[in-house]
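Novice: work-v8.txt is reproduced in full below (compact mmCIF, C-alpha atoms).
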# COMPACT_ATOMS: atom_id res chain seq x y z
CA MET A 1 41.52 -7.06 1.80
CA GLU A 2 39.08 -4.43 0.62
CA GLU A 3 40.10 -5.23 -2.95
CA ASP A 4 39.00 -8.79 -2.35
CA ILE A 5 35.46 -7.59 -1.61
CA PHE A 6 35.16 -6.15 -5.11
CA LYS A 7 36.81 -9.15 -6.78
CA LYS A 8 34.42 -11.50 -5.01
CA HIS A 9 31.49 -9.37 -6.05
CA ILE A 10 32.53 -9.49 -9.71
CA GLN A 11 33.05 -13.26 -9.41
CA LYS A 12 29.46 -13.70 -8.29
CA PHE A 13 28.45 -12.69 -11.82
CA VAL A 14 31.36 -13.48 -14.17
CA GLN A 15 34.53 -15.53 -14.19
CA ILE A 16 37.59 -13.35 -13.97
CA SER A 17 41.33 -14.12 -13.94
CA GLU A 18 43.82 -12.58 -11.52
CA GLU A 19 45.47 -10.78 -14.45
CA GLU A 20 42.27 -9.23 -15.69
CA PHE A 21 41.23 -8.16 -12.20
CA SER A 22 44.64 -6.51 -11.71
CA GLU A 23 43.99 -4.41 -14.79
CA ILE A 24 40.39 -3.66 -13.87
CA LYS A 25 41.27 -2.37 -10.44
CA THR A 26 43.56 0.29 -11.93
CA TYR A 27 40.40 2.08 -13.16
CA PHE A 28 39.30 2.67 -9.57
CA ARG A 29 40.64 4.54 -6.61
CA SER A 30 39.57 3.96 -3.04
CA LEU A 31 38.43 6.64 -0.63
CA GLU A 32 38.29 6.51 3.15
CA LEU A 33 35.52 8.68 4.49
CA ARG A 34 34.39 9.92 7.84
CA LYS A 35 30.80 9.79 8.99
CA LYS A 36 28.54 12.36 7.24
CA GLU A 37 31.01 13.21 4.48
CA TYR A 38 29.53 14.20 1.14
CA LEU A 39 30.35 12.34 -2.08
CA LEU A 40 27.92 14.33 -4.21
CA LYS A 41 26.12 17.58 -3.53
CA HIS A 42 22.95 18.95 -5.08
CA GLY A 43 24.00 21.13 -8.04
CA ASP A 44 27.27 19.26 -8.75
CA ILE A 45 27.86 17.60 -12.12
CA CYS A 46 27.56 13.89 -11.33
CA LYS A 47 30.79 12.35 -12.63
CA MET A 48 31.38 9.51 -10.19
CA ASN A 49 30.00 6.09 -9.41
CA PHE A 50 30.63 4.52 -5.99
CA PHE A 51 30.99 0.93 -4.85
CA VAL A 52 30.80 0.44 -1.10
CA LEU A 53 33.59 -1.74 0.36
CA LYS A 54 32.78 -0.90 3.97
CA GLY A 55 30.23 1.33 5.64
CA CYS A 56 27.02 2.87 4.41
CA LEU A 57 25.94 5.67 2.06
CA ARG A 58 22.61 7.33 1.57
CA LYS A 59 21.14 9.33 -1.30
CA PHE A 60 18.70 12.10 -0.47
CA PHE A 61 17.05 15.20 -1.81
CA ILE A 62 15.64 18.23 -0.06
CA SER A 63 12.03 19.10 -0.81
CA GLU A 64 10.74 22.60 -1.45
CA LYS A 65 9.59 22.64 2.17
CA GLY A 66 13.17 21.96 3.26
CA VAL A 67 12.56 18.35 4.33
CA GLU A 68 15.24 15.70 3.61
CA HIS A 69 13.98 12.60 1.82
CA THR A 70 16.32 9.61 1.72
CA THR A 71 15.55 7.59 -1.39
CA GLU A 72 18.26 4.92 -1.08
CA PHE A 73 20.85 3.35 1.20
CA ALA A 74 23.93 1.47 0.01
CA ILE A 75 25.93 -0.90 2.19
CA GLU A 76 28.82 -3.26 1.37
CA ASN A 77 28.72 -4.56 -2.24
CA TRP A 78 26.22 -1.97 -3.43
CA TRP A 79 26.73 0.60 -6.14
CA MET A 80 25.45 4.13 -5.74
CA THR A 81 25.28 7.25 -7.86
CA ASP A 82 22.59 9.50 -9.34
CA ASN A 83 22.29 7.20 -12.35
CA PHE A 84 20.29 9.60 -14.48
CA ALA A 85 22.71 12.50 -14.02
CA TYR A 86 25.74 10.18 -14.24
CA GLU A 87 24.84 8.79 -17.63
CA LYS A 88 24.09 12.23 -19.03
CA GLU A 89 26.90 14.01 -17.11
CA MET A 90 24.36 16.50 -15.79
CA ARG A 91 23.97 18.43 -12.57
CA SER A 92 22.46 16.25 -9.90
CA ASP A 93 19.55 17.24 -7.70
CA PHE A 94 20.53 14.59 -5.17
CA ASN A 95 23.07 14.45 -2.36
CA ILE A 96 25.13 11.39 -1.47
CA GLN A 97 26.54 11.25 2.04
CA THR A 98 28.12 8.63 4.30
CA VAL A 99 25.94 7.36 7.15
CA GLU A 100 28.97 5.74 8.83
CA LYS A 101 32.75 5.82 8.46
CA SER A 102 33.12 4.18 5.05
CA ILE A 103 35.53 2.93 2.39
CA VAL A 104 34.36 3.19 -1.20
CA LEU A 105 35.76 2.50 -4.65
CA VAL A 106 35.30 5.40 -7.05
CA ILE A 107 35.24 5.38 -10.82
CA ASP A 108 34.54 8.40 -13.02
CA LYS A 109 32.40 8.29 -16.18
CA VAL A 110 35.37 8.57 -18.57
CA ASN A 111 37.19 5.65 -16.97
CA HIS A 112 33.99 3.68 -16.64
CA ASP A 113 33.41 3.96 -20.41
CA LYS A 114 37.02 2.92 -21.08
CA LEU A 115 36.72 0.00 -18.68
CA LEU A 116 33.62 -1.26 -20.50
CA GLN A 117 35.32 -0.89 -23.89
CA LYS A 118 38.47 -2.73 -22.85
CA HIS A 119 36.89 -5.41 -20.69
CA PRO A 120 33.72 -6.82 -22.30
CA LEU A 121 33.32 -9.04 -19.28
CA MET A 122 32.51 -5.88 -17.33
CA GLU A 123 29.65 -5.21 -19.75
CA ARG A 124 28.21 -8.51 -18.57
CA TYR A 125 28.87 -7.65 -14.93
CA PHE A 126 27.21 -4.23 -15.18
CA ARG A 127 24.34 -5.60 -17.30
CA MET A 128 23.55 -7.92 -14.41
CA ILE A 129 24.02 -5.19 -11.79
CA TYR A 130 21.63 -2.83 -13.58
CA GLN A 131 19.16 -5.60 -14.40
CA ARG A 132 18.86 -6.49 -10.71
CA ALA A 133 18.79 -2.88 -9.61
CA TYR A 134 16.01 -2.18 -12.10
CA ALA A 135 14.02 -5.23 -11.00
CA ALA A 136 14.37 -4.13 -7.36
CA ALA A 137 13.30 -0.57 -8.22
CA GLU A 138 10.22 -1.90 -10.04
CA ARG A 139 9.24 -3.91 -6.98
CA ARG A 140 9.75 -0.89 -4.81
CA ILE A 141 7.47 1.19 -7.04
CA ARG A 142 4.85 -1.52 -6.62
CA PHE A 143 5.21 -1.43 -2.83
CA LEU A 144 4.77 2.35 -2.88
CA TYR A 145 1.44 1.78 -4.67
CA GLU A 146 0.38 -1.17 -2.61
CA PHE A 147 1.43 -0.75 1.00
CA SER A 148 0.24 1.50 3.78
CA ARG A 149 2.96 3.31 5.69
CA GLU A 150 2.88 0.74 8.45
CA GLU A 151 3.18 -2.08 5.92
CA LEU A 152 6.14 -0.30 4.29
CA TYR A 153 7.90 -0.31 7.63
CA LEU A 154 7.13 -3.97 8.32
CA HIS A 155 8.31 -4.94 4.87
CA PHE A 156 11.52 -2.94 5.22
CA ARG A 157 12.15 -4.49 8.63
CA SER A 158 11.74 -8.04 7.32
CA GLN A 159 13.73 -7.43 4.14
CA TYR A 160 16.63 -5.42 5.55
CA PRO A 161 16.99 -6.30 9.24
CA GLU A 162 20.69 -5.29 9.15
CA PHE A 163 19.73 -1.76 8.09
CA LEU A 164 17.60 -1.30 11.17
CA GLN A 165 20.61 -2.18 13.33
CA ARG A 166 23.00 0.19 11.62
CA ILE A 167 21.02 3.15 10.44
CA PRO A 168 19.77 5.90 12.77
CA GLN A 169 16.02 6.03 13.29
CA TYR A 170 15.57 9.49 11.79
CA LEU A 171 17.13 8.31 8.50
CA ILE A 172 14.93 5.22 8.38
CA ALA A 173 11.96 7.54 8.90
CA SER A 174 13.19 9.79 6.09
CA TYR A 175 13.50 6.74 3.79
CA LEU A 176 10.01 5.53 4.57
CA GLY A 177 8.53 9.00 4.14
CA PHE A 178 7.58 9.25 7.84
CA THR A 179 8.33 11.82 10.46
CA PRO A 180 10.59 10.37 13.18
CA GLU A 181 7.62 10.78 15.58
CA TYR A 182 5.38 8.67 13.36
CA LEU A 183 8.04 5.93 13.20
CA SER A 184 8.32 5.88 17.01
CA GLU A 185 4.57 5.59 17.19
CA ILE A 186 4.48 2.57 14.85
CA ARG A 187 7.35 0.92 16.71
CA GLY A 188 5.56 1.52 20.01
CA LYS A 189 2.34 0.04 18.64
CA LEU A 190 4.18 -3.05 17.34
CA ARG A 191 5.90 -3.64 20.67
CA SER A 192 2.69 -3.48 22.68
CA MET B 1 9.49 -3.32 -41.73
CA GLU B 2 8.83 -4.23 -38.10
CA GLU B 3 12.23 -5.91 -38.00
CA ASP B 4 13.78 -2.59 -38.91
CA ILE B 5 12.34 -1.01 -35.79
CA PHE B 6 14.32 -3.41 -33.61
CA LYS B 7 17.48 -3.10 -35.70
CA LYS B 8 17.32 0.68 -35.47
CA HIS B 9 16.83 0.48 -31.74
CA ILE B 10 19.91 -1.71 -31.31
CA GLN B 11 21.87 0.68 -33.55
CA LYS B 12 21.09 3.57 -31.23
CA PHE B 13 23.32 1.86 -28.68
CA VAL B 14 25.80 -0.36 -30.55
CA GLN B 15 27.13 -0.84 -34.05
CA ILE B 16 25.80 -3.98 -35.64
CA SER B 17 26.37 -5.59 -39.03
CA GLU B 18 23.59 -6.97 -41.25
CA GLU B 19 25.02 -10.48 -40.73
CA GLU B 20 25.00 -10.24 -36.97
CA PHE B 21 21.50 -8.77 -36.88
CA SER B 22 20.28 -11.64 -39.08
CA GLU B 23 21.55 -14.10 -36.50
CA ILE B 24 20.24 -12.10 -33.56
CA LYS B 25 16.72 -11.94 -34.92
CA THR B 26 16.48 -15.74 -35.04
CA TYR B 27 16.33 -15.67 -31.21
CA PHE B 28 13.03 -13.80 -31.34
CA ARG B 29 9.58 -14.49 -32.65
CA SER B 30 6.97 -11.87 -33.34
CA LEU B 31 3.41 -11.93 -32.07
CA GLU B 32 0.39 -10.07 -33.38
CA LEU B 33 -2.06 -9.31 -30.63
CA ARG B 34 -5.57 -7.96 -30.38
CA LYS B 35 -6.55 -5.27 -27.89
CA LYS B 36 -6.69 -6.50 -24.27
CA GLU B 37 -4.84 -9.77 -24.90
CA TYR B 38 -2.74 -11.10 -22.03
CA LEU B 39 0.97 -11.79 -22.38
CA LEU B 40 1.45 -12.68 -18.73
CA LYS B 41 -1.03 -13.54 -16.02
CA HIS B 42 -0.70 -13.33 -12.27
CA GLY B 43 0.49 -16.75 -11.07
CA ASP B 44 2.29 -17.71 -14.32
CA ILE B 45 6.00 -18.47 -14.34
CA CYS B 46 7.50 -15.42 -16.07
CA LYS B 47 9.59 -16.83 -18.92
CA MET B 48 9.26 -14.14 -21.59
CA ASN B 49 10.55 -10.66 -22.28
CA PHE B 50 8.69 -8.41 -24.75
CA PHE B 51 9.86 -5.66 -27.08
CA VAL B 52 7.07 -3.52 -28.51
CA LEU B 53 7.25 -3.00 -32.29
CA LYS B 54 3.80 -1.47 -32.55
CA GLY B 55 1.06 -0.74 -30.06
CA CYS B 56 1.04 -0.48 -26.30
CA LEU B 57 1.29 -2.82 -23.31
CA ARG B 58 0.60 -2.26 -19.65
CA LYS B 59 1.73 -4.05 -16.53
CA PHE B 60 -0.64 -4.14 -13.57
CA PHE B 61 -1.40 -5.91 -10.34
CA ILE B 62 -4.65 -6.35 -8.45
CA SER B 63 -4.66 -5.20 -4.84
CA GLU B 64 -6.23 -7.12 -1.96
CA LYS B 65 -9.25 -4.85 -2.31
CA GLY B 66 -9.61 -5.95 -5.95
CA VAL B 67 -8.40 -2.66 -7.46
CA GLU B 68 -6.20 -2.74 -10.58
CA HIS B 69 -2.99 -0.72 -10.32
CA THR B 70 -1.10 -0.10 -13.55
CA THR B 71 2.60 0.31 -12.72
CA GLU B 72 3.98 0.69 -16.26
CA PHE B 73 3.13 1.30 -19.90
CA ALA B 74 5.32 0.26 -22.85
CA ILE B 75 4.98 1.71 -26.34
CA GLU B 76 7.13 1.26 -29.46
CA ASN B 77 10.82 0.55 -28.66
CA TRP B 78 10.20 -0.30 -25.04
CA TRP B 79 10.94 -3.57 -23.29
CA MET B 80 8.52 -5.04 -20.80
CA THR B 81 8.43 -8.02 -18.47
CA ASP B 82 8.23 -8.67 -14.74
CA ASN B 83 12.00 -8.29 -14.44
CA PHE B 84 12.26 -9.73 -10.96
CA ALA B 85 10.31 -12.89 -11.78
CA TYR B 86 11.96 -13.18 -15.22
CA GLU B 87 15.49 -13.26 -13.88
CA LYS B 88 14.61 -15.80 -11.21
CA GLU B 89 12.12 -17.76 -13.37
CA MET B 90 9.51 -17.36 -10.65
CA ARG B 91 5.76 -16.97 -10.63
CA SER B 92 4.78 -13.40 -11.35
CA ASP B 93 2.31 -11.40 -9.31
CA PHE B 94 1.81 -9.01 -12.24
CA ASN B 95 -0.31 -9.11 -15.39
CA ILE B 96 0.83 -7.83 -18.79
CA GLN B 97 -1.90 -6.95 -21.25
CA THR B 98 -2.17 -5.06 -24.55
CA VAL B 99 -3.84 -1.66 -24.39
CA GLU B 100 -4.17 -1.56 -28.20
CA LYS B 101 -3.75 -3.97 -31.09
CA SER B 102 -0.01 -4.62 -30.91
CA ILE B 103 2.96 -6.38 -32.49
CA VAL B 104 5.70 -7.50 -30.11
CA LEU B 105 8.96 -9.40 -30.32
CA VAL B 106 9.23 -12.18 -27.76
CA ILE B 107 12.31 -13.86 -26.37
CA ASP B 108 12.34 -16.50 -23.63
CA LYS B 109 14.87 -16.62 -20.81
CA VAL B 110 16.76 -19.61 -22.24
CA ASN B 111 17.23 -17.96 -25.64
CA HIS B 112 17.98 -14.63 -24.03
CA ASP B 113 20.85 -16.18 -22.07
CA LYS B 114 22.16 -17.88 -25.22
CA LEU B 115 21.89 -14.64 -27.19
CA LEU B 116 23.98 -12.83 -24.57
CA GLN B 117 26.59 -15.59 -24.56
CA LYS B 118 26.93 -15.71 -28.34
CA HIS B 119 26.66 -11.99 -29.05
CA PRO B 120 28.67 -9.93 -26.53
CA LEU B 121 27.47 -6.81 -28.30
CA MET B 122 24.03 -7.62 -26.92
CA GLU B 123 25.50 -7.52 -23.41
CA ARG B 124 26.40 -3.93 -24.16
CA TYR B 125 22.96 -3.22 -25.60
CA PHE B 126 21.12 -4.68 -22.61
CA ARG B 127 23.54 -3.07 -20.15
CA MET B 128 22.49 0.28 -21.58
CA ILE B 129 18.79 -0.64 -21.67
CA TYR B 130 18.79 -1.68 -18.01
CA GLN B 131 20.97 1.25 -16.95
CA ARG B 132 18.46 3.70 -18.43
CA ALA B 133 15.48 1.81 -17.14
CA TYR B 134 17.02 1.80 -13.67
CA ALA B 135 17.79 5.52 -13.84
CA ALA B 136 14.20 6.23 -14.92
CA ALA B 137 12.80 4.04 -12.13
CA GLU B 138 14.94 5.89 -9.57
CA ARG B 139 13.57 9.21 -10.78
CA ARG B 140 10.08 7.85 -10.61
CA ILE B 141 10.61 6.75 -7.00
CA ARG B 142 11.72 10.29 -6.25
CA PHE B 143 8.59 11.75 -7.85
CA LEU B 144 6.44 9.42 -5.75
CA TYR B 145 8.12 10.92 -2.66
CA GLU B 146 8.08 14.47 -3.87
CA PHE B 147 4.93 15.19 -5.84
CA SER B 148 1.32 15.64 -4.85
CA ARG B 149 -1.19 13.71 -6.94
CA GLU B 150 -1.96 16.74 -9.04
CA GLU B 151 1.76 17.33 -9.65
CA LEU B 152 2.16 13.66 -10.66
CA TYR B 153 -0.51 14.16 -13.30
CA LEU B 154 1.04 17.41 -14.60
CA HIS B 155 4.46 15.80 -14.75
CA PHE B 156 3.13 12.76 -16.58
CA ARG B 157 1.27 15.00 -19.02
CA SER B 158 4.39 17.05 -19.83
CA GLN B 159 6.71 14.04 -20.01
CA TYR B 160 4.50 11.67 -21.99
CA PRO B 161 2.02 13.73 -24.02
CA GLU B 162 1.63 10.86 -26.56
CA PHE B 163 0.44 8.54 -23.77
CA LEU B 164 -2.42 10.87 -22.93
CA GLN B 165 -3.57 10.72 -26.55
CA ARG B 166 -3.46 6.95 -26.83
CA ILE B 167 -4.27 5.52 -23.45
CA PRO B 168 -7.80 5.44 -22.03
CA GLN B 169 -8.44 7.77 -19.09
CA TYR B 170 -9.25 4.98 -16.64
CA LEU B 171 -5.84 3.39 -17.27
CA ILE B 172 -4.03 6.71 -16.82
CA ALA B 173 -5.92 7.07 -13.53
CA SER B 174 -4.87 3.56 -12.50
CA TYR B 175 -1.22 4.40 -13.31
CA LEU B 176 -1.29 7.61 -11.28
CA GLY B 177 -3.00 5.90 -8.35
CA PHE B 178 -6.19 7.96 -8.78
CA THR B 179 -9.78 6.96 -9.17
CA PRO B 180 -11.09 7.88 -12.65
CA GLU B 181 -13.39 10.39 -10.90
CA TYR B 182 -10.45 12.13 -9.23
CA LEU B 183 -8.63 12.37 -12.57
CA SER B 184 -11.70 13.99 -14.20
CA GLU B 185 -11.80 16.43 -11.32
CA ILE B 186 -8.15 17.45 -11.79
CA ARG B 187 -8.63 17.76 -15.54
CA GLY B 188 -11.72 19.90 -15.01
CA LYS B 189 -9.87 22.12 -12.56
CA LEU B 190 -6.96 22.58 -14.99
CA ARG B 191 -9.30 23.51 -17.83
CA SER B 192 -11.11 26.15 -15.81
Will you turn the file into structure tokens for me?

Specialist:
Amino acid sequence: MEEDIFKKHIQKFVQISEEEFSEIKTYFRSLELRKKEYLLKHGDICKMNFFVLKGCLRKFFISEKGVEHTTEFAIENWWMTDNFAYEKEMRSDFNIQTVEKSIVLVIDKVNHDKLLQKHPLMERYFRMIYQRAYAAAERRIRFLYEFSREELYLHFRSQYPEFLQRIPQYLIASYLGFTPEYLSEIRGKLRS
Amino acid sequence: MEEDIFKKHIQKFVQISEEEFSEIKTYFRSLELRKKEYLLKHGDICKMNFFVLKGCLRKFFISEKGVEHTTEFAIENWWMTDNFAYEKEMRSDFNIQTVEKSIVLVIDKVNHDKLLQKHPLMERYFRMIYQRAYAAAERRIRFLYEFSREELYLHFRSQYPEFLQRIPQYLIASYLGFTPEYLSEIRGKLRS
């Protein structure tokens, strides 16, 4: 059934036959993960790209002061890696960790390159994936310029209501660049 | 000669024959622009994507308080549009304007889609363009979390020294989220 999630996601962007999908899926393996397992650790060479079938991942870095900053979440149908380090096969200065029990598809860089060579339709799929991801990142950069911290929270709440249900408060705070105390304060103010 | 710039850029990513490039270039037209000309205005439907052959563009929005915020610059070999509005053919809430006298290649969404359909090699090219742009945007989001304003300036200066030469101070300030006065202050401090 989990396979179907990926096939459906590809089909949102390109037409794909059963035969071709059967070949494509051989480039991936699936991993079942417990809560808080690491998929990438700061200092590791980033060789893998992850597609979430079930659950939730987060990407974070640790500042010089020792504070965790979550820069991204990925739920079902989202891709996640340290894209800069992945393309260049460099050491990453990010961590990727499960937020919940999760199932992910994994592909390594070597297989990913082969997949793109052998299946041009996947070039189209990934072109669209990266185009959307880039457009979303550009909007997010704008919001970081434009919004106050309270507005960032309100925007996040309206855009990703399902995240607020699933993700612990302290991680939401770390994503928004707040302390957990400051988030509680805003939530209190909004309730009253 | 300007055509060569684009051909060379494509060749950095994919192999392309003279014949195929001759066809590809028919999808584009080139525009010569004076300094401070607009290519996109807030409220316009975003139908065009721009590739800079010569010169420099910037993308900016105007905040509720009436302050201009420059979110991106594009020099030679860079693409620029409001990617979110472009994909969805929506009204943009950005402006794109030349910083210098510039020459750009222009493609509209309809021709861009046709180009990708007819020339699968351009799927590969744009997949790589968006992948890199996304990776760079992710890093930038991290810097916005991580760096103080002074560190943002130092980082920008070390990463894009040519921008500091070419781009007026008040636009650099608007990109870094500073007032021009604050930028002068930092520069003064660093000199002393």

Novice: For each of B:Lys109, B:Lys47, B:Lys41, B:Lys101, take the minimum atom-to-atom distance to Phe61 (chain B), counting all atoms listed in the file, then give the residue where this is smallest.

Specialist: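 The shortest atom-to-atom distance to Phe61 (chain B) comes from B:Lys41.
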
Novice: So which residues touch Leu105 (chain A) within 8 Å, counting only C-alpha atoms, skipping near sequence neighbours fewer than 6 positions away, as a ChimeraX atom specification?

Specialist: /A:28-31,50-53

Novice: With 7 Å as the threshold, what does the neighbourhood of (14.7, 1.4, -9.3) contain in terms of residues, counting only C-alpha atoms? Coordinates are those of the file; answer as a list in words.

Specialist: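 Applying the cut-off with only C-alpha atoms, one gets Ala133, Tyr134, Ala135, Ala136, Ala137 and Glu138 of chain A; Tyr134, Ala135, Ala137 and Glu138 of chain B.
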
Novice: For Asp108 (chain A), please output as a list in words all residues within 12 Å (counting only C-alpha atoms; exclusion window: fewer than 5 positions along the same chain).

Specialist: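 What passes the distance filter is Tyr27, Phe28, Arg29, Ile45, Cys46, Lys47, Met48, Asn49, Phe50, Phe51, Thr81, Tyr86, Glu87, Glu89, Asp113, Lys114 and Leu115 of chain A.
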
Novice: Can you tell me, as a PDB file with C-alpha atoms, keeping the file's coordinate frame, what residues are no more than 9 Å from region 4-18 of chain A when counting all atoms listed in the file, ignoring any on the same chain fewer than 4 positions away?

Specialist:
ATOM      1  CA  SER A  22      44.640  -6.510 -11.710  1.00  0.00           C
ATOM      2  CA  GLU A  23      43.990  -4.410 -14.790  1.00  0.00           C
ATOM      3  CA  LYS A  25      41.270  -2.370 -10.440  1.00  0.00           C
ATOM      4  CA  PHE A  51      30.990   0.930  -4.850  1.00  0.00           C
ATOM      5  CA  VAL A  52      30.800   0.440  -1.100  1.00  0.00           C
ATOM      6  CA  LEU A  53      33.590  -1.740   0.360  1.00  0.00           C
ATOM      7  CA  GLU A  76      28.820  -3.260   1.370  1.00  0.00           C
ATOM      8  CA  ASN A  77      28.720  -4.560  -2.240  1.00  0.00           C
ATOM      9  CA  LEU A 105      35.760   2.500  -4.650  1.00  0.00           C
ATOM     10  CA  LEU A 121      33.320  -9.040 -19.280  1.00  0.00           C
ATOM     11  CA  MET A 122      32.510  -5.880 -17.330  1.00  0.00           C
ATOM     12  CA  ARG A 124      28.210  -8.510 -18.570  1.00  0.00           C
ATOM     13  CA  TYR A 125      28.870  -7.650 -14.930  1.00  0.00           C
ATOM     14  CA  MET A 128      23.550  -7.920 -14.410  1.00  0.00           C
ATOM     15  CA  ILE A 129      24.020  -5.190 -11.790  1.00  0.00           C
TER      16      ILE A 129
END

Novice: Between B:Lys118, B:Arg139, B:Arg166, B:Arg91, which one has atoms that come closest to Cys56 (chain B), using only C-alpha atoms?

Specialist: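 Among the listed residues, the smallest separation from Cys56 (chain B) belongs to B:Arg166.
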
Novice: Working from the structure I just supplied, which lacks atoms in region 34-41 of chain A, can you model all heavy atoms there and output them as a short mmCIF file (atom, residue, chain, number, x, y, z; two decimals), in the coordinates of the input?

Specialist:
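Wrote it out as selection34.cif, contents follow:
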data_model
loop_
_atom_site.label_atom_id
_atom_site.label_comp_id
_atom_site.auth_asym_id
_atom_site.auth_seq_id
_atom_site.Cartn_x
_atom_site.Cartn_y
_atom_site.Cartn_z
N ARG A 34 34.95 9.82 6.50
CA ARG A 34 34.39 9.92 7.84
C ARG A 34 32.86 9.86 7.77
O ARG A 34 32.28 9.96 6.69
CB ARG A 34 34.82 11.23 8.51
CG ARG A 34 36.33 11.33 8.81
CD ARG A 34 36.64 12.64 9.53
NE ARG A 34 36.01 13.78 8.84
CZ ARG A 34 36.55 14.42 7.80
NH1 ARG A 34 37.72 14.07 7.31
NH2 ARG A 34 35.90 15.45 7.25
N LYS A 35 32.26 9.74 8.92
CA LYS A 35 30.80 9.79 8.99
C LYS A 35 30.28 11.14 8.50
O LYS A 35 30.89 12.17 8.83
CB LYS A 35 30.42 9.58 10.47
CG LYS A 35 28.96 9.37 10.73
CD LYS A 35 28.77 8.98 12.20
CE LYS A 35 27.29 9.08 12.57
NZ LYS A 35 27.08 8.55 13.94
N LYS A 36 29.22 11.14 7.74
CA LYS A 36 28.54 12.36 7.24
C LYS A 36 29.34 13.16 6.22
O LYS A 36 29.05 14.33 5.99
CB LYS A 36 28.12 13.27 8.41
CG LYS A 36 27.06 12.63 9.29
CD LYS A 36 26.29 13.68 10.06
CE LYS A 36 25.15 13.03 10.84
NZ LYS A 36 24.37 13.98 11.62
N GLU A 37 30.34 12.53 5.59
CA GLU A 37 31.01 13.21 4.48
C GLU A 37 30.16 13.13 3.22
O GLU A 37 29.46 12.15 3.00
CB GLU A 37 32.39 12.57 4.21
CG GLU A 37 33.50 13.22 5.02
CD GLU A 37 34.88 12.91 4.43
OE1 GLU A 37 35.25 13.49 3.40
OE2 GLU A 37 35.58 12.06 5.02
N TYR A 38 30.29 14.16 2.39
CA TYR A 38 29.53 14.20 1.14
C TYR A 38 30.35 13.66 -0.03
O TYR A 38 31.52 14.02 -0.20
CB TYR A 38 29.11 15.64 0.81
CG TYR A 38 27.90 16.07 1.59
CD1 TYR A 38 28.05 16.65 2.85
CD2 TYR A 38 26.62 15.87 1.09
CE1 TYR A 38 26.94 17.03 3.58
CE2 TYR A 38 25.50 16.26 1.82
CZ TYR A 38 25.67 16.84 3.07
OH TYR A 38 24.57 17.21 3.79
N LEU A 39 29.73 12.82 -0.85
CA LEU A 39 30.35 12.34 -2.08
C LEU A 39 29.75 13.05 -3.30
O LEU A 39 30.35 13.06 -4.38
CB LEU A 39 30.15 10.83 -2.22
CG LEU A 39 30.97 10.02 -1.21
CD1 LEU A 39 30.47 8.59 -1.12
CD2 LEU A 39 32.44 10.02 -1.62
N LEU A 40 28.58 13.58 -3.13
CA LEU A 40 27.92 14.33 -4.21
C LEU A 40 27.00 15.35 -3.53
O LEU A 40 26.35 15.03 -2.54
CB LEU A 40 27.06 13.37 -5.06
CG LEU A 40 26.21 14.01 -6.17
CD1 LEU A 40 27.09 14.51 -7.32
CD2 LEU A 40 25.19 13.00 -6.72
N LYS A 41 27.02 16.57 -4.07
CA LYS A 41 26.12 17.58 -3.53
C LYS A 41 25.20 18.10 -4.62
O LYS A 41 25.62 18.26 -5.77
CB LYS A 41 26.92 18.75 -2.94
CG LYS A 41 27.36 18.48 -1.53
CD LYS A 41 27.82 19.78 -0.86
CE LYS A 41 28.08 19.53 0.62
NZ LYS A 41 28.61 20.71 1.29
#
